[in-house]
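**Student:** What follows is structure-v8.cif, mmCIF, C-alpha atoms.
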```
data_start
#
loop_
_atom_site.group_PDB
_atom_site.id
_atom_site.type_symbol
_atom_site.label_atom_id
_atom_site.label_comp_id
_atom_site.auth_asym_id
_atom_site.auth_seq_id
_atom_site.Cartn_x
_atom_site.Cartn_y
_atom_site.Cartn_z
ATOM 1 C CA MET A 1 12.306 181.490 222.732
ATOM 2 C CA LYS A 2 14.627 181.245 219.768
ATOM 3 C CA ASN A 3 15.341 184.527 218.118
ATOM 4 C CA THR A 4 16.165 183.650 214.513
ATOM 5 C CA LYS A 5 16.109 187.212 213.271
ATOM 6 C CA THR A 6 17.087 190.538 214.716
ATOM 7 C CA ILE A 7 14.257 192.522 216.215
ATOM 8 C CA THR A 8 13.971 196.217 215.528
ATOM 9 C CA LEU A 9 12.630 198.434 218.277
ATOM 10 C CA SER A 10 12.013 202.122 217.979
ATOM 11 C CA ARG A 11 13.310 204.466 220.641
ATOM 12 C CA GLU A 12 9.735 204.830 221.925
ATOM 13 C CA GLU A 13 9.253 201.040 222.114
ATOM 14 C CA ARG A 14 12.504 200.667 224.052
ATOM 15 C CA LYS A 15 11.366 203.395 226.413
ATOM 16 C CA MET A 16 8.000 201.663 226.954
ATOM 17 C CA LEU A 17 9.659 198.292 227.624
ATOM 18 C CA ARG A 18 12.011 199.889 230.155
ATOM 19 C CA ALA A 19 9.000 201.507 231.842
ATOM 20 C CA ILE A 20 7.208 198.149 232.010
ATOM 21 C CA LYS A 21 10.276 196.528 233.554
ATOM 22 C CA SER A 22 10.530 199.328 236.096
ATOM 23 C CA ARG A 23 6.852 199.002 237.015
ATOM 24 C CA MET A 24 7.223 195.242 237.437
ATOM 25 C CA ARG A 25 10.145 195.802 239.784
ATOM 26 C CA LYS A 26 8.311 198.421 241.843
ATOM 27 C CA ALA A 27 4.848 196.806 241.859
ATOM 28 C CA PRO A 28 5.170 193.112 241.005
ATOM 29 C CA ALA A 29 1.708 192.230 242.297
ATOM 30 C CA ALA A 30 -0.116 194.285 239.663
ATOM 31 C CA ASP A 31 -1.866 192.669 236.718
ATOM 32 C CA TYR A 32 0.524 192.549 233.785
ATOM 33 C CA ALA A 33 -1.599 190.668 231.269
ATOM 34 C CA ILE A 34 0.216 190.660 227.937
ATOM 35 C CA TYR A 35 -2.869 191.761 226.028
ATOM 36 C CA LYS A 36 -3.190 194.810 228.336
ATOM 37 C CA LEU A 37 0.491 195.654 227.914
ATOM 38 C CA GLY A 38 0.012 195.293 224.166
ATOM 39 C CA ILE A 39 -2.837 197.787 224.172
ATOM 40 C CA GLU A 40 -0.838 200.158 226.359
ATOM 41 C CA THR A 41 2.288 200.002 224.198
ATOM 42 C CA GLY A 42 0.750 199.453 220.783
ATOM 43 C CA MET A 43 2.943 196.358 220.344
ATOM 44 C CA ASN A 44 1.618 192.941 219.497
ATOM 45 C CA ARG A 45 2.228 190.011 221.819
ATOM 46 C CA MET A 46 5.171 188.649 219.855
ATOM 47 C CA LYS A 47 6.937 191.999 219.715
ATOM 48 C CA LEU A 48 6.449 192.493 223.473
ATOM 49 C CA HIS A 49 7.973 189.114 224.245
ATOM 50 C CA GLN A 50 10.805 189.404 221.747
ATOM 51 C CA GLY A 51 11.515 193.045 222.555
ATOM 52 C CA PHE A 52 11.689 192.442 226.291
ATOM 53 C CA TYR A 53 13.993 189.477 225.800
ATOM 54 C CA PHE A 54 16.130 191.390 223.301
ATOM 55 C CA LEU A 55 16.588 194.336 225.687
ATOM 56 C CA PHE A 56 16.949 192.534 229.000
ATOM 57 C CA GLY A 57 17.987 188.957 228.211
ATOM 58 C CA ILE A 58 15.103 187.464 230.180
ATOM 59 C CA HIS A 59 11.569 186.534 229.225
ATOM 60 C CA ILE A 60 8.934 188.974 230.435
ATOM 61 C CA HIS A 61 7.005 186.357 232.426
ATOM 62 C CA GLU A 62 10.186 185.014 234.002
ATOM 63 C CA TYR A 63 11.194 188.525 235.073
ATOM 64 C CA LEU A 64 7.772 189.133 236.587
ATOM 65 C CA VAL A 65 7.741 185.936 238.639
ATOM 66 C CA GLU A 66 11.290 186.653 239.843
ATOM 67 C CA GLN A 67 10.094 190.031 241.096
ATOM 68 C CA ARG A 68 7.081 188.427 242.749
ATOM 69 C CA LEU A 69 9.289 185.806 244.377
ATOM 70 C CA ALA A 70 11.569 188.525 245.763
ATOM 71 C CA LEU A 71 8.528 190.291 247.220
ATOM 72 C CA VAL A 72 7.250 187.063 248.788
ATOM 73 C CA LYS A 73 10.628 186.385 250.404
ATOM 74 C CA LYS A 74 10.776 189.907 251.775
ATOM 75 C CA LEU A 75 7.248 189.693 253.192
ATOM 76 C CA LEU A 76 7.937 186.294 254.750
ATOM 77 C CA ARG A 77 11.098 187.632 256.410
ATOM 78 C CA LYS A 78 9.821 191.017 257.536
ATOM 79 C CA THR A 79 6.116 190.596 258.313
ATOM 80 C CA THR A 80 3.803 188.297 260.210
ATOM 81 C CA LEU A 81 1.214 188.249 257.428
ATOM 82 C CA SER A 82 -0.313 184.866 256.701
ATOM 83 C CA VAL A 83 1.062 182.917 253.750
ATOM 84 C CA LYS A 84 -2.313 183.258 252.045
ATOM 85 C CA ALA A 85 -2.242 187.053 252.456
ATOM 86 C CA ILE A 86 1.329 187.171 251.169
ATOM 87 C CA SER A 87 0.501 185.080 248.104
ATOM 88 C CA ILE A 88 -2.397 187.386 247.242
ATOM 89 C CA GLN A 89 -0.456 190.556 248.045
ATOM 90 C CA SER A 90 2.385 189.468 245.786
ATOM 91 C CA GLY A 91 0.183 188.774 242.778
ATOM 92 C CA PHE A 92 -0.135 184.999 242.908
ATOM 93 C CA LYS A 93 -3.810 184.323 242.333
ATOM 94 C CA ASN A 94 -3.598 180.534 242.504
ATOM 95 C CA ARG A 95 -2.447 179.213 245.893
ATOM 96 C CA LYS A 96 -1.491 175.764 244.606
ATOM 97 C CA TYR A 97 0.681 177.321 241.917
ATOM 98 C CA PHE A 98 2.176 179.682 244.493
ATOM 99 C CA PHE A 99 3.165 176.877 246.877
ATOM 100 C CA ARG A 100 4.540 174.677 244.088
ATOM 101 C CA PHE A 101 6.450 177.584 242.515
ATOM 102 C CA PHE A 102 7.908 178.740 245.827
ATOM 103 C CA LYS A 103 9.028 175.235 246.792
ATOM 104 C CA GLN A 104 10.571 174.685 243.345
ATOM 105 C CA LYS A 105 12.523 177.943 243.495
ATOM 106 C CA THR A 106 13.637 177.870 247.137
ATOM 107 C CA SER A 107 13.448 174.208 248.232
ATOM 108 C CA PHE A 108 11.282 175.425 251.126
ATOM 109 C CA THR A 109 7.591 175.758 251.718
ATOM 110 C CA PRO A 110 6.699 179.387 252.500
ATOM 111 C CA ILE A 111 6.281 178.546 256.204
ATOM 112 C CA GLY A 112 9.530 176.594 256.183
ATOM 113 C CA TYR A 113 11.296 179.547 254.567
ATOM 114 C CA ARG A 114 9.973 181.898 257.248
ATOM 115 C CA LYS A 115 11.160 179.563 260.017
ATOM 116 C CA HIS A 116 14.531 179.111 258.334
ATOM 117 C CA CYS A 117 15.036 182.881 258.111
ATOM 118 C CA LYS A 118 14.089 183.367 261.768
ATOM 119 C CA GLN A 119 16.530 180.646 262.837
ATOM 120 C CA ARG A 120 19.343 182.230 260.836
ATOM 121 C CA ALA A 121 18.586 185.632 262.378
ATOM 122 C CA SER A 122 18.793 184.252 265.932
#
```
Mind turning this structure into structure tokens?
**Tutor:**
Amino acid sequence: MKNTKTITLSREERKMLRAIKSRMRKAPAADYAIYKLGIETGMNRMKLHQGFYFLFGIHIHEYLVEQRLALVKKLLRKTTLSVKAISIQSGFKNRKYFFRFFKQKTSFTPIGYRKHCKQRAS
């Protein structure tokens, strides 16, 4: 996203964006549909995207999937939940997307990642 002009955010808008980021970190599996966040914050879609990027240097969707990926890794390492349960519990609604995304980001399938982590722990 190219930012050709400076974005102006009020103190309240900055506060709301920080709260959204904090919620995404604490509960990445929740539904963070942009239109819902827009209603909640009173910001339009463009301002949400630009404001988040302006404040944090990362796109809102990218931040969310990073948080979800971190949760998936943690659940794979620390639980015996099925991969399907983990994908659902971490907010990935589409299993094909989940598998493809995980493999792209880690070079492992979820099961392969779990095995790899267990081998390293031994």
**Student:** Ranking A:Leu76, A:Ala29, A:Leu48, A:Cys117 by minimum distance to Gln89 of chain A and counting all atoms listed in the file, which one comes first?
**Tutor:** A:Ala29
**Student:** Considering only C-alpha atoms, can you say which of A:Phe101, A:Met16, A:Lys115, A:Arg68 comes closest to Ile39 of chain A?
**Tutor:**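 The closest residue to Ile39 of chain A is A:Met16.
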**Student:** Please write as a PyMOL selection string the full residue list that the PyMOL selection byres ((chain A and resi 88) around 12) yields on this file.
**Tutor:** chain A and resi 28-31+68+71-72+75+81-87+89-99
**Student:** Interatomic distance between atom CA of Leu64 of chain A and atom CA of Ser22 of chain A?
**Tutor:**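 Atom-to-atom, atom CA of Leu64 of chain A and atom CA of Ser22 of chain A are spaced 10.6 Å apart.
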**Student:** Here is a test: counting all atoms listed in the file, which residue of A:Gly51, A:Gln119, A:Arg25, A:Thr109 is nearest to Ala70 of chain A?
**Tutor:**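 Closest to Ala70 of chain A of all the choices is A:Arg25.
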